[in-house]
Each structure stands twice: as structure tokens, then as C-alpha cells.
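Have a look at the structure below, then the notes.
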Amino acid sequence: VQLVESGGGLVQAGGSLRLSCAVSGSAFSINAMGWYRQAPGKQRELVAVISSGGGSTNYADSVKGRFTISRDNANNTMYLQMNSLKPEDTAVYYCNAKKFRMDYWGKGTLVTVSS
């Protein structure tokens with residue numbers, strides 16, 4: 001399983017970005033997927049997760065009401081719509097996929113929010 005994130009960039013506070021995570025390789029039987037982020041000098045933290053069918057989602061308290069996770073299984077892609085961005089959202093955002101007992105990670109995409 002290979003994961004490739006895209007959509008990061010520089011945005012002003014209050015702006016929006018949409019991240020994508022393209023899944024290739026053995027995408028069959030991928031279970032839950034999620035977005036994580038790591039800010040400079042901090043540990044990686046969970047942002048949002050979505051179930052295999054997309055019917056169940058969970059968010060970190062810090063992004064609830066501002067971010068929306070979704071997935072398109074037909075096209076093997078997961079998304080993170082980020083609205084009302086804040087400077088504290090600045091981080092490298094990573095895509096995660098779970099398959100059987102394995103965790104797969106992308107290389108990340110940088111999101112920078114200026115004040």
C-alpha cells in the first residue's frame with residue numbers, strides 16, 4: 001500500500017485548504033483511514049479518522065466544526081477539507097491507512113497558516 005498526500009501549502013488565517021491522499025498498490029481490504037499532523041517540536045497527533053465505508057468519523061477537539069474528513073473508495077482517495085484555518089494548524093499532515101494489523105503512512109504534506 002502506498003499513500004501520497006497532496007494539497008498542502010501556505011494560506012492566511014481564516015482560509016481553507018483541501019488535502020488529498022491517493023492510495024495505490026494493494027488498496028483492497030483497507031480498513032480505517034485517518035489524518036495526523038506533526039507541528040515543529042511536537043509529537044504527531046490524530047486529526048481525524050474515518051471508517052472503511054465512510055459512515056463513521058471522529059475528530060480531534062481542536063478541529064471539530066472546522067475540518068471534514070471523507071473518502072472515495074471507488075477512486076481510492078481520502079480527503080481532508082480544512083476551513084477557518086488557524087496559525088496553530090501549521091504542521092506536516094500525514095495520511096494513515098490500516099490494513100489487517102499493519103499501519104501505512106504517507107510522506108506528508110506541509111500546511112502553513114500565516115497570521
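Starting from 1 in every chain, residues are counted up; chains themselves are A, B, ... following the order of the C-alpha cells, and ligands are numbered from 1 as listed.
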For the contact check between segment 41-71 of chain A and segment 17-26 of chain A, emit one row per residue of segment 41-71 of chain A within 10 Å, containing the shortest atom pair and the distance in Å rounded to one decimal, counting only C-alpha atoms, chain then rising number order, as a tab-separated table.
```
residue	atom	partner	partner_atom	distance
A:Phe67	CA	A:Arg18	CA	9.4
A:Thr68	CA	A:Arg18	CA	9.4
A:Ile69	CA	A:Leu19	CA	9.4
A:Ser70	CA	A:Ser20	CA	9.6
A:Arg71	CA	A:Cys21	CA	9.0
```
Let's have the selection written as a compact mmCIF listing (two decimals), in the first residue's frame, with N, CA, C and O atoms.
```txt
# COMPACT_ATOMS: atom_id res chain seq x y z
N PHE A 67 -12.89 21.10 10.30
CA PHE A 67 -12.34 20.13 9.34
C PHE A 67 -13.37 19.04 9.05
O PHE A 67 -14.15 18.67 9.92
N THR A 68 -13.32 18.52 7.83
CA THR A 68 -14.19 17.41 7.45
C THR A 68 -13.39 16.36 6.71
O THR A 68 -12.73 16.67 5.70
N ILE A 69 -13.44 15.13 7.20
CA ILE A 69 -12.76 14.02 6.56
C ILE A 69 -13.76 13.25 5.71
O ILE A 69 -14.93 13.11 6.08
N SER A 70 -13.30 12.77 4.56
CA SER A 70 -14.17 11.97 3.69
C SER A 70 -13.28 11.03 2.87
O SER A 70 -12.07 11.20 2.82
N ARG A 71 -13.92 10.05 2.26
CA ARG A 71 -13.17 9.14 1.41
C ARG A 71 -14.02 8.70 0.23
O ARG A 71 -15.25 8.58 0.34
```
Inset, instruction - Can you pull out every residue within 6 Å of segment 109-113 of chain A, counting only C-alpha atoms, but drop anything in the same chain fewer than 5 positions away, and send it as a PyMOL selection string? - result: chain A and resi 5+8-13+87+90-93
Legend entry - Shell of 8 Å around Trp105 of chain A, only C-alpha atoms, local chain residues under 3 positions omitted, as a list in words: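 Here the qualifying residues turn out to be Gln2, Leu3, Tyr94, Cys95, Asn96 and Ala97 of chain A.
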Inset, instruction - Using only C-alpha atoms, find the one residue out of A:Asn73, A:Gln81, A:Gly55, A:Asp89 that sits nearest to Pro40 of chain A. - result: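 With only C-alpha atoms as the atom set, the closest residue is A:Asp89.
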DSSP strand (DSSP E or B) residues within chain A, as a tab-separated table (two decimals) with N, CA and C atoms, in the first residue's frame:
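Okay, this is what ended up in selection_23.tsv:
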```tsv
chain	number	residue	atom	x	y	z
A	2	GLN	N	0.63	2.13	-0.94
A	2	GLN	CA	1.36	3.40	-0.99
A	2	GLN	C	0.36	4.54	-0.83
A	3	LEU	N	0.74	5.53	-0.03
A	3	LEU	CA	-0.10	6.69	0.23
A	3	LEU	C	0.64	7.95	-0.18
A	4	VAL	N	-0.01	8.81	-0.93
A	4	VAL	CA	0.61	10.06	-1.36
A	4	VAL	C	-0.32	11.21	-1.06
A	5	GLU	N	0.14	12.12	-0.21
A	5	GLU	CA	-0.65	13.30	0.15
A	5	GLU	C	-0.38	14.44	-0.82
A	6	SER	N	-1.36	15.29	-0.98
A	6	SER	CA	-1.20	16.49	-1.77
A	6	SER	C	-2.18	17.54	-1.27
A	9	GLY	N	0.06	23.71	1.53
A	9	GLY	CA	0.55	24.98	1.03
A	9	GLY	C	0.47	26.05	2.08
A	10	LEU	N	0.65	27.28	1.64
A	10	LEU	CA	0.60	28.44	2.51
A	10	LEU	C	-0.74	29.13	2.37
A	11	VAL	N	-1.39	29.41	3.49
A	11	VAL	CA	-2.69	30.05	3.47
A	11	VAL	C	-2.77	31.02	4.64
A	12	GLN	N	-3.56	32.07	4.47
A	12	GLN	CA	-3.75	33.02	5.56
A	12	GLN	C	-4.75	32.47	6.57
A	17	LEU	N	-8.11	24.94	2.89
A	17	LEU	CA	-7.33	24.04	2.05
A	17	LEU	C	-8.02	22.69	2.03
A	18	ARG	N	-7.78	21.96	0.95
A	18	ARG	CA	-8.30	20.60	0.86
A	18	ARG	C	-7.14	19.67	0.59
A	19	LEU	N	-6.89	18.78	1.51
A	19	LEU	CA	-5.84	17.78	1.35
A	19	LEU	C	-6.42	16.52	0.72
A	20	SER	N	-5.60	15.86	-0.07
A	20	SER	CA	-5.98	14.58	-0.67
A	20	SER	C	-4.93	13.53	-0.33
A	21	CYS	N	-5.38	12.30	-0.23
A	21	CYS	CA	-4.49	11.17	0.00
A	21	CYS	C	-4.85	10.10	-1.03
A	22	ALA	N	-3.96	9.89	-1.97
A	22	ALA	CA	-4.19	8.88	-3.01
A	22	ALA	C	-3.59	7.56	-2.57
A	23	VAL	N	-4.39	6.51	-2.68
A	23	VAL	CA	-3.96	5.17	-2.28
A	23	VAL	C	-3.67	4.34	-3.52
A	24	SER	N	-2.53	3.71	-3.55
A	24	SER	CA	-2.21	2.81	-4.65
A	24	SER	C	-1.61	1.52	-4.09
A	30	ILE	N	-8.41	-2.26	2.77
A	30	ILE	CA	-8.02	-1.19	3.69
A	30	ILE	C	-9.18	-0.90	4.61
A	31	ASN	N	-8.91	-0.76	5.89
A	31	ASN	CA	-9.95	-0.53	6.86
A	31	ASN	C	-10.07	0.96	7.15
A	32	ALA	N	-9.89	1.35	8.38
A	32	ALA	CA	-10.00	2.77	8.72
A	32	ALA	C	-8.84	3.55	8.13
A	33	MET	N	-9.09	4.81	7.87
A	33	MET	CA	-8.04	5.73	7.42
A	33	MET	C	-8.12	6.98	8.27
A	34	GLY	N	-7.03	7.73	8.25
A	34	GLY	CA	-7.03	8.94	9.06
A	34	GLY	C	-5.99	9.94	8.64
A	35	TRP	N	-6.14	11.12	9.19
A	35	TRP	CA	-5.17	12.19	9.01
A	35	TRP	C	-4.53	12.48	10.37
A	36	TYR	N	-3.23	12.62	10.35
A	36	TYR	CA	-2.46	13.00	11.53
A	36	TYR	C	-1.64	14.23	11.16
A	37	ARG	N	-1.16	14.94	12.18
A	37	ARG	CA	-0.30	16.07	11.90
A	37	ARG	C	0.81	16.17	12.96
A	38	GLN	N	1.90	16.78	12.52
A	38	GLN	CA	3.02	16.98	13.43
A	38	GLN	C	3.56	18.39	13.24
A	45	GLU	N	0.02	13.97	16.13
A	45	GLU	CA	-1.28	13.85	16.77
A	45	GLU	C	-2.36	13.51	15.75
A	46	LEU	N	-3.39	12.84	16.25
A	46	LEU	CA	-4.52	12.49	15.40
A	46	LEU	C	-5.35	13.72	15.10
A	47	VAL	N	-5.74	13.87	13.85
A	47	VAL	CA	-6.62	14.97	13.43
A	47	VAL	C	-8.04	14.44	13.22
A	48	ALA	N	-8.16	13.39	12.41
A	48	ALA	CA	-9.48	12.84	12.09
A	48	ALA	C	-9.32	11.42	11.57
A	49	VAL	N	-10.34	10.60	11.83
A	49	VAL	CA	-10.35	9.24	11.30
A	49	VAL	C	-11.70	8.97	10.66
A	50	ILE	N	-11.70	8.02	9.73
A	50	ILE	CA	-12.92	7.65	9.03
A	50	ILE	C	-12.95	6.14	8.86
A	57	THR	N	-17.04	8.86	11.56
A	57	THR	CA	-15.87	9.74	11.62
A	57	THR	C	-15.66	10.23	13.05
A	58	ASN	N	-14.42	10.58	13.34
A	58	ASN	CA	-14.08	11.18	14.62
A	58	ASN	C	-13.02	12.25	14.41
A	59	TYR	N	-13.09	13.28	15.24
A	59	TYR	CA	-12.18	14.41	15.08
A	59	TYR	C	-11.53	14.79	16.41
A	67	PHE	N	-12.89	21.10	10.30
A	67	PHE	CA	-12.34	20.13	9.34
A	67	PHE	C	-13.37	19.04	9.05
A	68	THR	N	-13.32	18.52	7.83
A	68	THR	CA	-14.19	17.41	7.45
A	68	THR	C	-13.39	16.36	6.71
A	69	ILE	N	-13.44	15.13	7.20
A	69	ILE	CA	-12.76	14.02	6.56
A	69	ILE	C	-13.76	13.25	5.71
A	70	SER	N	-13.30	12.77	4.56
A	70	SER	CA	-14.17	11.97	3.69
A	70	SER	C	-13.28	11.03	2.87
A	71	ARG	N	-13.92	10.05	2.26
A	71	ARG	CA	-13.17	9.14	1.41
A	71	ARG	C	-14.02	8.70	0.23
A	72	ASP	N	-13.35	8.44	-0.87
A	72	ASP	CA	-13.97	7.96	-2.10
A	72	ASP	C	-13.34	6.62	-2.41
A	77	THR	N	-9.25	7.34	-2.73
A	77	THR	CA	-8.77	8.64	-2.29
A	77	THR	C	-9.47	9.06	-1.00
A	78	MET	N	-8.71	9.69	-0.13
A	78	MET	CA	-9.27	10.25	1.10
A	78	MET	C	-9.00	11.75	1.09
A	79	TYR	N	-9.88	12.50	1.72
A	79	TYR	CA	-9.76	13.95	1.71
A	79	TYR	C	-9.83	14.52	3.14
A	80	LEU	N	-9.31	15.72	3.27
A	80	LEU	CA	-9.50	16.49	4.49
A	80	LEU	C	-9.77	17.93	4.08
A	81	GLN	N	-11.02	18.35	4.24
A	81	GLN	CA	-11.38	19.73	3.97
A	81	GLN	C	-11.13	20.53	5.24
A	82	MET	N	-10.30	21.54	5.13
A	82	MET	CA	-9.93	22.34	6.29
A	82	MET	C	-10.39	23.78	6.07
A	91	ALA	N	1.45	22.56	10.33
A	91	ALA	CA	2.05	21.26	10.61
A	91	ALA	C	2.26	20.51	9.30
A	92	VAL	N	2.98	19.40	9.40
A	92	VAL	CA	3.01	18.44	8.31
A	92	VAL	C	1.86	17.47	8.55
A	93	TYR	N	1.03	17.29	7.54
A	93	TYR	CA	-0.15	16.43	7.64
A	93	TYR	C	0.15	15.10	6.95
A	94	TYR	N	-0.13	14.02	7.68
A	94	TYR	CA	0.15	12.68	7.19
A	94	TYR	C	-1.14	11.88	7.02
A	95	CYS	N	-1.15	11.10	5.98
A	95	CYS	CA	-2.25	10.17	5.71
A	95	CYS	C	-1.89	8.81	6.31
A	96	ASN	N	-2.87	8.17	6.91
A	96	ASN	CA	-2.66	6.85	7.51
A	96	ASN	C	-3.74	5.89	7.04
A	97	ALA	N	-3.35	4.66	6.78
A	97	ALA	CA	-4.31	3.62	6.41
A	97	ALA	C	-4.01	2.36	7.20
A	98	LYS	N	-5.07	1.71	7.63
A	98	LYS	CA	-4.92	0.47	8.38
A	98	LYS	C	-5.43	-0.70	7.55
A	99	LYS	N	-4.61	-1.72	7.45
A	99	LYS	CA	-4.99	-2.91	6.69
A	99	LYS	C	-4.53	-4.11	7.48
A	102	MET	N	-1.58	-3.90	10.00
A	102	MET	CA	-0.48	-3.03	9.58
A	102	MET	C	-0.96	-1.58	9.47
A	103	ASP	N	-0.03	-0.67	9.77
A	103	ASP	CA	-0.24	0.76	9.57
A	103	ASP	C	0.61	1.22	8.41
A	104	TYR	N	0.02	1.99	7.52
A	104	TYR	CA	0.73	2.56	6.37
A	104	TYR	C	0.66	4.08	6.47
A	105	TRP	N	1.77	4.71	6.06
A	105	TRP	CA	1.87	6.16	6.16
A	105	TRP	C	2.35	6.78	4.86
A	109	THR	N	2.38	16.23	3.83
A	109	THR	CA	2.29	17.47	3.07
A	109	THR	C	2.24	18.62	4.06
A	110	LEU	N	2.99	19.67	3.79
A	110	LEU	CA	3.13	20.77	4.73
A	110	LEU	C	2.00	21.79	4.56
A	111	VAL	N	1.39	22.12	5.67
A	111	VAL	CA	0.38	23.18	5.72
A	111	VAL	C	0.92	24.30	6.61
A	112	THR	N	0.97	25.50	6.06
A	112	THR	CA	1.45	26.65	6.81
A	112	THR	C	0.35	27.71	6.81
A	113	VAL	N	-0.05	28.11	8.01
A	113	VAL	CA	-1.11	29.12	8.15
A	113	VAL	C	-0.48	30.37	8.73
A	114	SER	N	-0.54	31.44	7.99
A	114	SER	CA	0.05	32.70	8.44
A	114	SER	C	-1.01	33.55	9.15
```
Legend entry - Counting only C-alpha atoms, the option among A:Ala27, A:Ala39, A:Ala60, A:Val1 closest to Ala74 of chain A: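 Of all the options, A:Ala27 lies closest to Ala74 of chain A.
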Legend entry - Point-to-point distance from atom CA of Ser16 of chain A to atom CA of Ser84 of chain A, Å rounded to tenths: 6.2 Å
Inset, instruction - Give me, please, the distance in Å between atom CA of Gly14 of chain A and atom CA of Gly106 of chain A, quoted to one decimal. - result: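 Calculated distance between atom CA of Gly14 of chain A and atom CA of Gly106 of chain A is 26.5 Å.
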Legend entry - For atom CA of Leu85 of chain A and atom CA of Ser52 of chain A, the interatomic separation in Å (one decimal):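 Going from atom CA of Leu85 of chain A over to atom CA of Ser52 of chain A covers 26.8 Å.
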Legend entry - Among the residues A:Lys86, A:Arg101, A:Lys107, A:Arg44, the one that comes closest to Val63 of chain A [using only C-alpha atoms]: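 Of the candidates, the smallest distance to Val63 of chain A is held by A:Lys86.
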